[in-house]
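Colleague: What follows is a single structure, and I will ask about it in a moment.
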Amino acid sequence: MIILLNLGRQEMATGRRELTVKSTTSIPKHISLVLLAGVLYGTAGTAAALGPSTATPLAIGGLRLMAGALILFLILPLIGASWRRLPRLFRRPTIWVMALGAAAYQPFFFTAVERSGVALSTLVAVGAGPIFAGILGWMILKQRPTSLWIGATGLAIFGLLLRSWGEVDFGESLGLVLALGAGLSSAAYVVAAKVELNRGGHFVEMPTAAYLIGSVMLLPFVLTQPLGWVGTFSGIALIVYLGVVTMAIANVSQVRGMKGMPPGPAATLLLVDPLTATILGMLILNESITWLGVIGMILVLIALLLQGKALGNKPNEEPVPQPVL
């Protein structure tokens with residue numbers, strides 16, 4: 001919560017200066033914010049594994065989104081945002097695209113996990129996200145993918161493949177399609193958020209409006225799940241953590257950081273998510289990893305460093321008007 005308030009104060013304090021000063025000095029800050037978001041996303045799986053055993057993946061995903069929406073809604077006035085602007089955002093097509101992306105990701109990904117397992121679903125969904133984001137960014141924002149981005153993303157995906165080698169079973173085609181749908185949903189959210197940022201959208205009001213709409217979309221699915229675990233101490237702790245840390249703080253950090261980069265590179269930096277999940281799995285859940293998996297994670301880390309260096313060599317982006325999604 002303190003992180004969210006500090007981000008809001010920084011936005012208000014620096015907003016006036018950005019009218020006259022644009023330089024590469026803010027690029028490391030934007031990179032750090034997107035990486036922070038990826039790290040926080042990467043803690044979600046470990047948190048869920050430590051939660052109630054009766055909690056279903058779909059219920060966790062839906063309640064996570066709802067909790068994040070509630071937290072963001074409550075803090076809007078504390079960071080210079082306004083509840084009164086939300087009705088206007090509810091009418092924007094790009095906000096609905098963000099909402100659809102945030103909401104669709106949950107059933108797509110968690111159903112894919114049930115059909116094809118964690119390894120294949122994570123590999124396809126996380127690996128496809130940057131590719132879809134780069135393509136959509138090129139089509140909608142006219143931001144042509146660079147050779148450095150293509151190289152860094154390819155290296156990261158190859159690293160993820162090595163990490164999952166031996167755990168992946170390609171026998172379930174429906175699970176593969178659903179995982180691709182999760183990757184596309186994530187990319188649609190990223191690109192729509194970038195369009196809104198380029199129009200001057202507020203970095204907290206945007207995800208708040210999107211999550212509120214997305215929560216309504218997911219409510220019928222959540223109500224079909226067993227929810228008795230929600231009233232337990234561990235259940236409450238899980239939902240609060242996922243909502244505050246892996247949704248509210250993580251998404252605000254992601255959207256704030258995206259102000260300084262195209263959607264493709266932003267999605268590539270978010271691949272720190274599986275790197276974080278692997279490390280936490282080893283340290284907290286006593287999961288093992290092969291030497292081939294270690295090499296894969298090293299390649300992902302190298303790819304992230306390359307992408308960060310490539311962004312650091314570019315001037316900070318100037319927001320320009322963009323077409324409506």
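Lettering and numbering for the structure tokens are positional, with chains as A, B, ... in the shown order, residues counted from 1 in each chain, and ligands counted from 1 in the shown order.
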Looking only at the backbone, which of the residues in stretch 166-261 of chain A does DSSP tag as alpha helix (DSSP H), as an MDAnalysis selection string?

Modeller: chainID A and resid 173:198 205:222 233:241 250:257

Colleague: Determine, counting only C-alpha atoms, which protein, DNA and RNA residues have an atom within 8 Å of an atom of stretch 210-219 of chain A; residues of the same chain fewer than 4 positions away are not included. Present the result as JSON, numbers by chain.

Modeller: {"A": [62, 65, 66, 68, 69, 70, 90, 95, 96, 98, 99, 100, 102, 103, 206, 223]}

Colleague: Quick one: contact table of stretch 112-216 of chain A to stretch 262-278 of chain A, 9 Å max, nearest atom pair and distance in Å to one decimal per residue, counting only C-alpha atoms, chain and number order, as JSON lines?

Modeller:
{"residue": "A:Thr122", "atom": "CA", "partner": "A:Pro274", "partner_atom": "CA", "distance": 8.1}
{"residue": "A:Leu123", "atom": "CA", "partner": "A:Pro274", "partner_atom": "CA", "distance": 8.8}
{"residue": "A:Val126", "atom": "CA", "partner": "A:Leu271", "partner_atom": "CA", "distance": 7.0}
{"residue": "A:Gly127", "atom": "CA", "partner": "A:Leu271", "partner_atom": "CA", "distance": 7.9}
{"residue": "A:Gly129", "atom": "CA", "partner": "A:Ala267", "partner_atom": "CA", "distance": 6.6}
{"residue": "A:Pro130", "atom": "CA", "partner": "A:Ala267", "partner_atom": "CA", "distance": 4.7}
{"residue": "A:Ile131", "atom": "CA", "partner": "A:Gly264", "partner_atom": "CA", "distance": 7.1}
{"residue": "A:Phe132", "atom": "CA", "partner": "A:Gly264", "partner_atom": "CA", "distance": 8.0}
{"residue": "A:Ala133", "atom": "CA", "partner": "A:Gly264", "partner_atom": "CA", "distance": 4.9}
{"residue": "A:Gly134", "atom": "CA", "partner": "A:Gly264", "partner_atom": "CA", "distance": 4.1}
{"residue": "A:Ile135", "atom": "CA", "partner": "A:Gly264", "partner_atom": "CA", "distance": 7.8}
{"residue": "A:Leu136", "atom": "CA", "partner": "A:Gly264", "partner_atom": "CA", "distance": 8.5}
{"residue": "A:Gly137", "atom": "CA", "partner": "A:Pro263", "partner_atom": "CA", "distance": 6.1}
{"residue": "A:Trp138", "atom": "CA", "partner": "A:Gly264", "partner_atom": "CA", "distance": 8.8}
{"residue": "A:Leu141", "atom": "CA", "partner": "A:Pro262", "partner_atom": "CA", "distance": 8.7}
{"residue": "A:Gln143", "atom": "CA", "partner": "A:Pro262", "partner_atom": "CA", "distance": 7.0}
{"residue": "A:Pro145", "atom": "CA", "partner": "A:Gly264", "partner_atom": "CA", "distance": 7.4}
{"residue": "A:Trp149", "atom": "CA", "partner": "A:Pro265", "partner_atom": "CA", "distance": 6.3}
{"residue": "A:Ala152", "atom": "CA", "partner": "A:Thr268", "partner_atom": "CA", "distance": 7.9}
{"residue": "A:Thr153", "atom": "CA", "partner": "A:Thr268", "partner_atom": "CA", "distance": 6.0}
{"residue": "A:Ala156", "atom": "CA", "partner": "A:Leu271", "partner_atom": "CA", "distance": 7.5}
{"residue": "A:Ile157", "atom": "CA", "partner": "A:Leu271", "partner_atom": "CA", "distance": 8.8}
{"residue": "A:Leu160", "atom": "CA", "partner": "A:Pro274", "partner_atom": "CA", "distance": 8.1}
{"residue": "A:Ser186", "atom": "CA", "partner": "A:Ala267", "partner_atom": "CA", "distance": 8.7}
{"residue": "A:Ala187", "atom": "CA", "partner": "A:Ala267", "partner_atom": "CA", "distance": 7.4}
{"residue": "A:Val190", "atom": "CA", "partner": "A:Pro263", "partner_atom": "CA", "distance": 6.1}
{"residue": "A:Val191", "atom": "CA", "partner": "A:Pro263", "partner_atom": "CA", "distance": 5.7}
{"residue": "A:Ala193", "atom": "CA", "partner": "A:Pro263", "partner_atom": "CA", "distance": 8.8}
{"residue": "A:Lys194", "atom": "CA", "partner": "A:Pro263", "partner_atom": "CA", "distance": 6.7}

Colleague: Please produce a file of the residues just selected, as an mmCIF file, in the first residue's frame, where the atoms kept are C-alpha atoms.

Modeller:
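To be explicit, this is the file written out as selection32.cif:
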data_model
loop_
_atom_site.group_PDB
_atom_site.id
_atom_site.type_symbol
_atom_site.label_atom_id
_atom_site.label_comp_id
_atom_site.auth_asym_id
_atom_site.auth_seq_id
_atom_site.Cartn_x
_atom_site.Cartn_y
_atom_site.Cartn_z
ATOM 1 C CA THR A 122 3.299 -21.433 -18.323
ATOM 2 C CA LEU A 123 5.795 -21.902 -21.149
ATOM 3 C CA VAL A 126 4.373 -16.504 -20.790
ATOM 4 C CA GLY A 127 6.430 -17.092 -23.927
ATOM 5 C CA GLY A 129 2.856 -12.846 -24.435
ATOM 6 C CA PRO A 130 5.825 -10.780 -25.706
ATOM 7 C CA ILE A 131 5.387 -12.080 -29.261
ATOM 8 C CA PHE A 132 1.710 -11.101 -29.356
ATOM 9 C CA ALA A 133 2.501 -7.759 -27.691
ATOM 10 C CA GLY A 134 5.175 -6.990 -30.273
ATOM 11 C CA ILE A 135 2.857 -7.862 -33.168
ATOM 12 C CA LEU A 136 -0.103 -5.901 -31.748
ATOM 13 C CA GLY A 137 2.155 -2.946 -30.944
ATOM 14 C CA TRP A 138 3.394 -2.952 -34.536
ATOM 15 C CA LEU A 141 0.873 1.679 -32.415
ATOM 16 C CA GLN A 143 6.058 0.614 -33.370
ATOM 17 C CA PRO A 145 9.962 -4.441 -33.513
ATOM 18 C CA TRP A 149 13.990 -6.943 -29.077
ATOM 19 C CA ALA A 152 16.284 -10.802 -26.564
ATOM 20 C CA THR A 153 12.764 -12.229 -26.733
ATOM 21 C CA ALA A 156 14.284 -15.648 -23.312
ATOM 22 C CA ILE A 157 11.761 -18.029 -24.886
ATOM 23 C CA LEU A 160 12.057 -20.951 -20.868
ATOM 24 C CA SER A 186 -1.981 -10.552 -21.549
ATOM 25 C CA ALA A 187 -0.635 -8.879 -24.690
ATOM 26 C CA VAL A 190 -0.412 -4.387 -22.354
ATOM 27 C CA VAL A 191 -1.050 -2.787 -25.748
ATOM 28 C CA ALA A 193 -2.793 0.179 -21.621
ATOM 29 C CA LYS A 194 -0.059 1.700 -23.780
#

Colleague: Choose the residue, out of A:Asn251, A:Thr56, A:Thr246, A:Ser32, that has the smallest atom-to-atom separation from A:Thr224; count only C-alpha atoms.

Modeller: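 For A:Thr224, the nearest of the given residues is A:Thr56.
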
Colleague: Return the single residue from A:Gly308, A:Phe109, A:Trp165, A:Gly183 that is closest to A:Gly260, with distances computed using only C-alpha atoms.

Modeller: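 Ranking A:Gly308, A:Phe109, A:Trp165, A:Gly183 by distance to A:Gly260, first place goes to A:Gly308.
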
Colleague: Between atom CA of A:Ile284 and atom CA of A:Leu58, what is the spacing in Å?

Modeller: 23.3 Å

Colleague: Contacts of A:Gly281 at 8 Å or less, counting only C-alpha atoms, minus same-chain residues fewer than 5 places along, as a PyMOL selection string?

Modeller: chain A and resi 46+286-287

Colleague: If we count only C-alpha atoms, what is near A:Arg84 at a cut-off of 12 Å, once residues fewer than 5 positions away on the same chain are taken out, given as a ChimeraX atom specification?

Modeller: /A:73,76-77,89-90,205,209

Colleague: Could those residues be written to a file, using C-alpha atoms, as a tab-separated table (two decimals), in the first residue's frame?

Modeller:
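Output (selection-v7.tsv):
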chain	number	residue	atom	x	y	z
A	73	PHE	CA	-10.63	1.82	-6.05
A	76	LEU	CA	-7.67	6.54	-5.78
A	77	PRO	CA	-8.26	9.77	-3.80
A	89	LEU	CA	-13.27	5.51	-18.48
A	90	PHE	CA	-16.00	2.88	-18.48
A	205	GLU	CA	-7.35	5.04	-12.82
A	209	ALA	CA	-11.58	0.82	-14.26

Colleague: I'd like the interatomic distance between atom CA of A:Arg199 and atom CA of A:Leu35, to a tenth of an Å.

Modeller: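 We find that atom CA of A:Arg199 and atom CA of A:Leu35 lie 23.6 Å from each other.
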
Colleague: Contacts of stretch 112-114 of chain A at 7 Å or less, counting only C-alpha atoms, minus same-chain residues fewer than 6 places along, as a ChimeraX atom specification?

Modeller: /A:121,175-176,178-179

Colleague: Restricting the calculation to only C-alpha atoms, which member of A:Gly201, A:Pro52, A:Gly159, A:Gly80 is positioned closest to A:Ser234?

Modeller: A:Pro52

Colleague: What's around A:Leu148 at 8 Å? Count only C-alpha atoms, leave out sequence neighbours fewer than 4 positions away in its own chain, and write the answer as a list in words.

Modeller: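 Non-adjacent residues within range: Ala152, Leu306, Gln307 and Ala310 of chain A.
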
Colleague: One decimal, Å: what's the distance from atom CA of A:Arg64 over to atom CA of A:Ser164, could you say?

Modeller: 26.1 Å

Colleague: Using only C-alpha atoms, which of A:Ile279, A:Val300, A:Leu40, A:Tyr241 sits nearest A:Gln254?

Modeller: A:Leu40
